[in-house]
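Dumped run.pdb below, it's PDB, C-alpha atoms:
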```pdb
MODEL        1
ATOM      1  CA  MET A1444     188.141 155.694 141.465  1.00  0.00           C
ATOM      2  CA  ALA A1445     184.837 154.482 142.764  1.00  0.00           C
ATOM      3  CA  SER A1446     182.923 157.395 141.249  1.00  0.00           C
ATOM      4  CA  GLN A1447     184.090 156.468 137.753  1.00  0.00           C
ATOM      5  CA  THR A1448     182.524 153.005 138.044  1.00  0.00           C
ATOM      6  CA  ARG A1449     179.081 154.341 139.012  1.00  0.00           C
ATOM      7  CA  SER A1450     176.902 154.653 135.967  1.00  0.00           C
ATOM      8  CA  ARG A1451     173.790 153.311 137.707  1.00  0.00           C
ATOM      9  CA  VAL A1452     171.955 153.523 140.998  1.00  0.00           C
ATOM     10  CA  PRO A1453     173.384 151.027 143.512  1.00  0.00           C
ATOM     11  CA  VAL A1454     171.147 148.106 144.472  1.00  0.00           C
ATOM     12  CA  VAL A1455     170.725 147.096 148.118  1.00  0.00           C
ATOM     13  CA  LEU A1456     168.930 143.990 149.368  1.00  0.00           C
ATOM     14  CA  LEU A1457     167.669 144.377 152.939  1.00  0.00           C
ATOM     15  CA  VAL A1458     166.927 141.029 154.591  1.00  0.00           C
ATOM     16  CA  GLU A1459     164.850 141.862 157.650  1.00  0.00           C
ATOM     17  CA  ASP A1460     161.690 140.435 159.196  1.00  0.00           C
ATOM     18  CA  ASP A1461     160.812 143.263 161.611  1.00  0.00           C
ATOM     19  CA  PRO A1462     158.465 145.750 159.871  1.00  0.00           C
ATOM     20  CA  GLY A1463     159.560 148.570 162.197  1.00  0.00           C
ATOM     21  CA  ASP A1464     163.233 148.008 161.364  1.00  0.00           C
ATOM     22  CA  VAL A1465     162.407 147.779 157.652  1.00  0.00           C
ATOM     23  CA  LEU A1466     160.633 151.148 157.859  1.00  0.00           C
ATOM     24  CA  MET A1467     163.451 152.861 159.779  1.00  0.00           C
ATOM     25  CA  ILE A1468     166.181 151.476 157.513  1.00  0.00           C
ATOM     26  CA  THR A1469     164.182 152.306 154.385  1.00  0.00           C
ATOM     27  CA  GLU A1470     163.652 155.893 155.528  1.00  0.00           C
ATOM     28  CA  ALA A1471     167.336 156.257 156.404  1.00  0.00           C
ATOM     29  CA  LEU A1472     168.359 154.989 152.962  1.00  0.00           C
ATOM     30  CA  GLU A1473     165.855 157.269 151.225  1.00  0.00           C
ATOM     31  CA  ARG A1474     167.489 160.273 152.949  1.00  0.00           C
ATOM     32  CA  ALA A1475     171.008 159.112 152.113  1.00  0.00           C
ATOM     33  CA  SER A1476     173.228 161.192 149.873  1.00  0.00           C
ATOM     34  CA  THR A1477     173.205 158.273 147.424  1.00  0.00           C
ATOM     35  CA  PRO A1478     169.805 156.570 147.822  1.00  0.00           C
ATOM     36  CA  PRO A1479     169.958 153.003 146.527  1.00  0.00           C
ATOM     37  CA  ASP A1480     167.424 150.947 144.646  1.00  0.00           C
ATOM     38  CA  LEU A1481     166.212 149.096 147.744  1.00  0.00           C
ATOM     39  CA  HIS A1482     164.667 145.621 147.738  1.00  0.00           C
ATOM     40  CA  VAL A1483     163.394 143.890 150.889  1.00  0.00           C
ATOM     41  CA  ALA A1484     163.215 140.191 151.737  1.00  0.00           C
ATOM     42  CA  GLY A1485     161.442 139.152 154.924  1.00  0.00           C
ATOM     43  CA  ASP A1486     163.689 136.185 155.703  1.00  0.00           C
ATOM     44  CA  GLY A1487     166.683 134.249 154.433  1.00  0.00           C
ATOM     45  CA  GLN A1488     164.600 131.997 152.186  1.00  0.00           C
ATOM     46  CA  ALA A1489     163.022 134.982 150.441  1.00  0.00           C
ATOM     47  CA  ALA A1490     166.490 136.545 150.088  1.00  0.00           C
ATOM     48  CA  LEU A1491     167.871 133.434 148.385  1.00  0.00           C
ATOM     49  CA  GLU A1492     164.880 133.324 146.037  1.00  0.00           C
ATOM     50  CA  PHE A1493     165.570 136.976 145.132  1.00  0.00           C
ATOM     51  CA  LEU A1494     169.300 136.389 144.663  1.00  0.00           C
ATOM     52  CA  ARG A1495     168.717 133.239 142.605  1.00  0.00           C
ATOM     53  CA  ARG A1496     165.952 134.968 140.613  1.00  0.00           C
ATOM     54  CA  GLU A1497     163.401 132.321 141.446  1.00  0.00           C
ATOM     55  CA  GLY A1498     159.616 132.599 141.304  1.00  0.00           C
ATOM     56  CA  PRO A1499     158.454 136.214 141.127  1.00  0.00           C
ATOM     57  CA  HIS A1500     162.069 137.447 141.167  1.00  0.00           C
ATOM     58  CA  THR A1501     163.095 136.359 137.644  1.00  0.00           C
ATOM     59  CA  GLY A1502     164.078 139.915 136.712  1.00  0.00           C
ATOM     60  CA  ALA A1503     165.644 140.835 140.048  1.00  0.00           C
ATOM     61  CA  PRO A1504     168.799 142.956 139.869  1.00  0.00           C
ATOM     62  CA  ARG A1505     172.066 141.769 141.373  1.00  0.00           C
ATOM     63  CA  PRO A1506     172.595 143.650 144.651  1.00  0.00           C
ATOM     64  CA  ASP A1507     175.724 145.692 145.260  1.00  0.00           C
ATOM     65  CA  LEU A1508     175.175 145.187 149.003  1.00  0.00           C
ATOM     66  CA  ILE A1509     173.163 142.888 151.243  1.00  0.00           C
ATOM     67  CA  LEU A1510     172.108 144.073 154.722  1.00  0.00           C
ATOM     68  CA  LEU A1511     171.313 140.878 156.620  1.00  0.00           C
ATOM     69  CA  ASP A1512     169.567 140.415 159.951  1.00  0.00           C
ATOM     70  CA  LEU A1513     170.442 137.242 161.871  1.00  0.00           C
ATOM     71  CA  ASN A1514     167.281 136.258 163.722  1.00  0.00           C
ATOM     72  CA  MET A1515     164.468 135.549 161.277  1.00  0.00           C
ATOM     73  CA  PRO A1516     161.892 132.820 160.631  1.00  0.00           C
ATOM     74  CA  ARG A1517     162.152 130.043 158.013  1.00  0.00           C
ATOM     75  CA  LEU A1518     165.829 130.514 157.126  1.00  0.00           C
ATOM     76  CA  ASP A1519     167.773 132.711 159.526  1.00  0.00           C
ATOM     77  CA  GLY A1520     170.603 135.055 158.628  1.00  0.00           C
ATOM     78  CA  ARG A1521     173.326 132.585 159.598  1.00  0.00           C
ATOM     79  CA  GLU A1522     171.955 129.956 157.211  1.00  0.00           C
ATOM     80  CA  ALA A1523     171.358 132.533 154.472  1.00  0.00           C
ATOM     81  CA  LEU A1524     174.913 133.872 154.803  1.00  0.00           C
ATOM     82  CA  THR A1525     176.319 130.349 154.521  1.00  0.00           C
ATOM     83  CA  ALA A1526     174.228 129.711 151.396  1.00  0.00           C
ATOM     84  CA  ILE A1527     175.163 133.040 149.777  1.00  0.00           C
ATOM     85  CA  LYS A1528     178.872 132.531 150.303  1.00  0.00           C
ATOM     86  CA  ALA A1529     178.647 128.926 149.058  1.00  0.00           C
ATOM     87  CA  GLU A1530     177.372 129.986 145.631  1.00  0.00           C
ATOM     88  CA  GLU A1531     180.067 131.196 143.249  1.00  0.00           C
ATOM     89  CA  ARG A1532     177.655 133.549 141.510  1.00  0.00           C
ATOM     90  CA  LEU A1533     176.745 135.276 144.801  1.00  0.00           C
ATOM     91  CA  ARG A1534     179.788 135.064 147.057  1.00  0.00           C
ATOM     92  CA  ALA A1535     181.447 138.310 145.929  1.00  0.00           C
ATOM     93  CA  ILE A1536     178.437 140.419 146.958  1.00  0.00           C
ATOM     94  CA  PRO A1537     179.302 142.254 150.188  1.00  0.00           C
ATOM     95  CA  VAL A1538     177.106 141.109 153.079  1.00  0.00           C
ATOM     96  CA  VAL A1539     176.854 143.300 156.161  1.00  0.00           C
ATOM     97  CA  VAL A1540     175.295 141.502 159.102  1.00  0.00           C
ATOM     98  CA  PHE A1541     173.068 144.199 160.627  1.00  0.00           C
ATOM     99  CA  THR A1542     171.444 142.861 163.772  1.00  0.00           C
ATOM    100  CA  THR A1543     170.471 143.709 167.332  1.00  0.00           C
ATOM    101  CA  SER A1544     172.864 141.057 168.624  1.00  0.00           C
ATOM    102  CA  ASP A1545     176.226 141.989 170.009  1.00  0.00           C
ATOM    103  CA  ALA A1546     177.040 138.462 171.166  1.00  0.00           C
ATOM    104  CA  GLU A1547     180.644 137.472 170.525  1.00  0.00           C
ATOM    105  CA  SER A1548     179.459 134.094 169.221  1.00  0.00           C
ATOM    106  CA  ASP A1549     177.322 135.819 166.556  1.00  0.00           C
ATOM    107  CA  VAL A1550     180.196 138.110 165.561  1.00  0.00           C
ATOM    108  CA  LEU A1551     182.625 135.192 165.222  1.00  0.00           C
ATOM    109  CA  ALA A1552     180.120 132.971 163.421  1.00  0.00           C
ATOM    110  CA  SER A1553     179.319 135.760 160.943  1.00  0.00           C
ATOM    111  CA  TYR A1554     182.948 136.425 160.085  1.00  0.00           C
ATOM    112  CA  HIS A1555     183.650 132.688 159.848  1.00  0.00           C
ATOM    113  CA  ARG A1556     180.827 132.574 157.293  1.00  0.00           C
ATOM    114  CA  HIS A1557     182.607 135.380 155.369  1.00  0.00           C
ATOM    115  CA  ALA A1558     180.457 138.376 156.295  1.00  0.00           C
ATOM    116  CA  SER A1559     181.987 141.605 155.022  1.00  0.00           C
ATOM    117  CA  ALA A1560     181.131 143.374 158.276  1.00  0.00           C
ATOM    118  CA  PHE A1561     179.148 142.895 161.473  1.00  0.00           C
ATOM    119  CA  VAL A1562     177.226 145.925 162.747  1.00  0.00           C
ATOM    120  CA  THR A1563     175.016 145.982 165.835  1.00  0.00           C
ATOM    121  CA  LYS A1564     171.854 148.017 165.229  1.00  0.00           C
ATOM    122  CA  PRO A1565     171.709 151.030 167.520  1.00  0.00           C
ATOM    123  CA  LEU A1566     168.499 151.287 169.532  1.00  0.00           C
ATOM    124  CA  ASP A1567     168.364 155.073 169.146  1.00  0.00           C
ATOM    125  CA  LEU A1568     166.646 156.158 165.906  1.00  0.00           C
ATOM    126  CA  ASP A1569     169.097 158.976 165.119  1.00  0.00           C
ATOM    127  CA  LYS A1570     172.075 156.672 165.655  1.00  0.00           C
ATOM    128  CA  LEU A1571     170.459 153.943 163.548  1.00  0.00           C
ATOM    129  CA  GLU A1572     169.956 156.401 160.686  1.00  0.00           C
ATOM    130  CA  ALA A1573     173.568 157.576 160.969  1.00  0.00           C
ATOM    131  CA  VAL A1574     174.904 154.012 160.914  1.00  0.00           C
ATOM    132  CA  VAL A1575     172.740 153.064 157.923  1.00  0.00           C
ATOM    133  CA  GLU A1576     173.992 156.152 156.070  1.00  0.00           C
ATOM    134  CA  GLN A1577     177.626 155.230 156.874  1.00  0.00           C
ATOM    135  CA  ILE A1578     177.167 151.642 155.666  1.00  0.00           C
ATOM    136  CA  ASN A1579     175.411 152.795 152.506  1.00  0.00           C
ATOM    137  CA  HIS A1580     177.981 155.519 151.847  1.00  0.00           C
ATOM    138  CA  PHE A1581     180.911 153.145 152.222  1.00  0.00           C
ATOM    139  CA  TYR A1582     179.568 150.181 150.256  1.00  0.00           C
ATOM    140  CA  THR A1583     177.764 152.087 147.502  1.00  0.00           C
ATOM    141  CA  GLY A1584     179.670 155.370 147.445  1.00  0.00           C
ATOM    142  CA  VAL A1585     183.271 154.854 148.549  1.00  0.00           C
ATOM    143  CA  SER A1586     184.143 151.273 147.699  1.00  0.00           C
ATOM    144  CA  THR A1587     184.133 150.082 144.115  1.00  0.00           C
ATOM    145  CA  VAL A1588     181.110 147.966 143.254  1.00  0.00           C
ATOM    146  CA  LEU A1589     181.482 144.790 141.275  1.00  0.00           C
ATOM    147  CA  PRO A1590     181.537 145.474 137.546  1.00  0.00           C
ATOM    148  CA  HIS A1591     178.651 144.009 135.598  1.00  0.00           C
ATOM    149  CA  ASP A1592     179.553 140.473 134.542  1.00  0.00           C
ATOM    150  CA  PRO A1593     176.911 138.601 132.507  1.00  0.00           C
ATOM    151  CA  ARG A1594     178.048 135.322 134.076  1.00  0.00           C
ATOM    152  CA  HIS A1595     177.152 136.691 137.503  1.00  0.00           C
ATOM    153  CA  ALA A1596     174.221 138.873 136.571  1.00  0.00           C
TER     154      ALA A1596
ENDMDL
END
```
Starting from the file, lay out its structure as structure tokens.
Amino acid sequence: MASQTRSRVPVVLLVEDDPGDVLMITEALERASTPPDLHVAGDGQAALEFLRREGPHTGAPRPDLILLDLNMPRLDGREALTAIKAEERLRAIPVVVFTTSDAESDVLASYHRHASAFVTKPLDLDKLEAVVEQINHFYTGVSTVLPHDPRHA
């Protein structure tokens, strides 16, 4: 059972460059039935630094879920997803592409890069909050998170 494996607060890494989206998603997660320990990276490069525990992120926790936008500066979500799934230590972390795009090419490219799910951000605030709660509930409340493994910590 998933509940038996939860002895800690789930960790979510939000990779998003739009401050308004960060605020809305953060507020939705704070109101969730199981609020996660949320960390935010403003682009794919910052996300990889967090995941690799580089620079100021040496003590960063391993996320149980990554919410990843596609269109960002420096290193976009497509490139970040490819890099995450290429690293053995990171590839088992579920990555939900959470973007405004609904283009078939983005959906296909995300799944070909091994995204766990592709979700188009609703434009309506209430719907966005509901979708964020559903994603959070499934990945940090229903599904079983990866057990702690020192080799992948």
*Rounded to one decimal in Å, what is the spacing between atom CA of A:Val1538 and atom CA of A:Lys1570?*
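Pair atom CA of A:Val1538 / atom CA of A:Lys1570 returns 20.6 Å.
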With a distance cut-off of 10 Å and only C-alpha atoms, select the neighbouring residues of stretch 1487-1497 of chain A, excluding the residue or stretch itself and same-chain residues fewer than 6 positions from it, and output the selection as a PDB file with C-alpha atoms, in the coordinates of the input.
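Done, and the output landed in result.pdb:
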```pdb
ATOM      1  CA  LEU A1456     168.930 143.990 149.368  1.00  0.00           C
ATOM      2  CA  LEU A1457     167.669 144.377 152.939  1.00  0.00           C
ATOM      3  CA  VAL A1458     166.927 141.029 154.591  1.00  0.00           C
ATOM      4  CA  GLU A1459     164.850 141.862 157.650  1.00  0.00           C
ATOM      5  CA  ASP A1460     161.690 140.435 159.196  1.00  0.00           C
ATOM      6  CA  ALA A1503     165.644 140.835 140.048  1.00  0.00           C
ATOM      7  CA  PRO A1504     168.799 142.956 139.869  1.00  0.00           C
ATOM      8  CA  ARG A1505     172.066 141.769 141.373  1.00  0.00           C
ATOM      9  CA  PRO A1506     172.595 143.650 144.651  1.00  0.00           C
ATOM     10  CA  ILE A1509     173.163 142.888 151.243  1.00  0.00           C
ATOM     11  CA  LEU A1511     171.313 140.878 156.620  1.00  0.00           C
ATOM     12  CA  ASP A1512     169.567 140.415 159.951  1.00  0.00           C
ATOM     13  CA  LEU A1513     170.442 137.242 161.871  1.00  0.00           C
ATOM     14  CA  ASN A1514     167.281 136.258 163.722  1.00  0.00           C
ATOM     15  CA  MET A1515     164.468 135.549 161.277  1.00  0.00           C
ATOM     16  CA  PRO A1516     161.892 132.820 160.631  1.00  0.00           C
ATOM     17  CA  ARG A1517     162.152 130.043 158.013  1.00  0.00           C
ATOM     18  CA  LEU A1518     165.829 130.514 157.126  1.00  0.00           C
ATOM     19  CA  ASP A1519     167.773 132.711 159.526  1.00  0.00           C
ATOM     20  CA  GLY A1520     170.603 135.055 158.628  1.00  0.00           C
ATOM     21  CA  ARG A1521     173.326 132.585 159.598  1.00  0.00           C
ATOM     22  CA  GLU A1522     171.955 129.956 157.211  1.00  0.00           C
ATOM     23  CA  ALA A1523     171.358 132.533 154.472  1.00  0.00           C
ATOM     24  CA  LEU A1524     174.913 133.872 154.803  1.00  0.00           C
ATOM     25  CA  ALA A1526     174.228 129.711 151.396  1.00  0.00           C
ATOM     26  CA  ILE A1527     175.163 133.040 149.777  1.00  0.00           C
ATOM     27  CA  GLU A1530     177.372 129.986 145.631  1.00  0.00           C
ATOM     28  CA  ARG A1532     177.655 133.549 141.510  1.00  0.00           C
ATOM     29  CA  LEU A1533     176.745 135.276 144.801  1.00  0.00           C
ATOM     30  CA  ALA A1596     174.221 138.873 136.571  1.00  0.00           C
TER      31      ALA A1596
END
```
*Expressed in Å to a single decimal, how great is the separation between atom CA of A:Leu1510 and atom CA of A:Thr1543?*
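Computing it gives 12.7 Å between the two atoms.
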*asked:* Would you pick out the contacts of A:Leu1508 at 9 Å or less, using all atoms listed in the file, so that residues sharing its chain but fewer than 6 positions from it are not included, and give the list as a ChimeraX atom specification?
replied: /A:1453-1457,1536-1539,1579,1582-1583,1588
_Residues matched by the PyMOL selection byres ((chain A and resi 1452) around 9) as a PyMOL selection string_ = chain A and resi 1449-1451+1453-1454+1477-1480+1583
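Each of A:Val1562, A:Leu1589, A:Phe1581, A:Val1575 was checked against A:Arg1474 using all atoms listed in the file; the smallest atom-to-atom distance is that of A:Val1575.
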*Go ahead and compute the interatomic distance for atom CA of A:Ala1475 and atom CA of A:Asp1507, in Å to one decimal.*
15.8 Å
_Counting all atoms listed in the file, I want the residues whose atoms come within 10 Å of (169.0, 152.6, 162.3) in the file frame, returned as a ChimeraX atom specification._
/A:1464-1472,1541,1563-1576
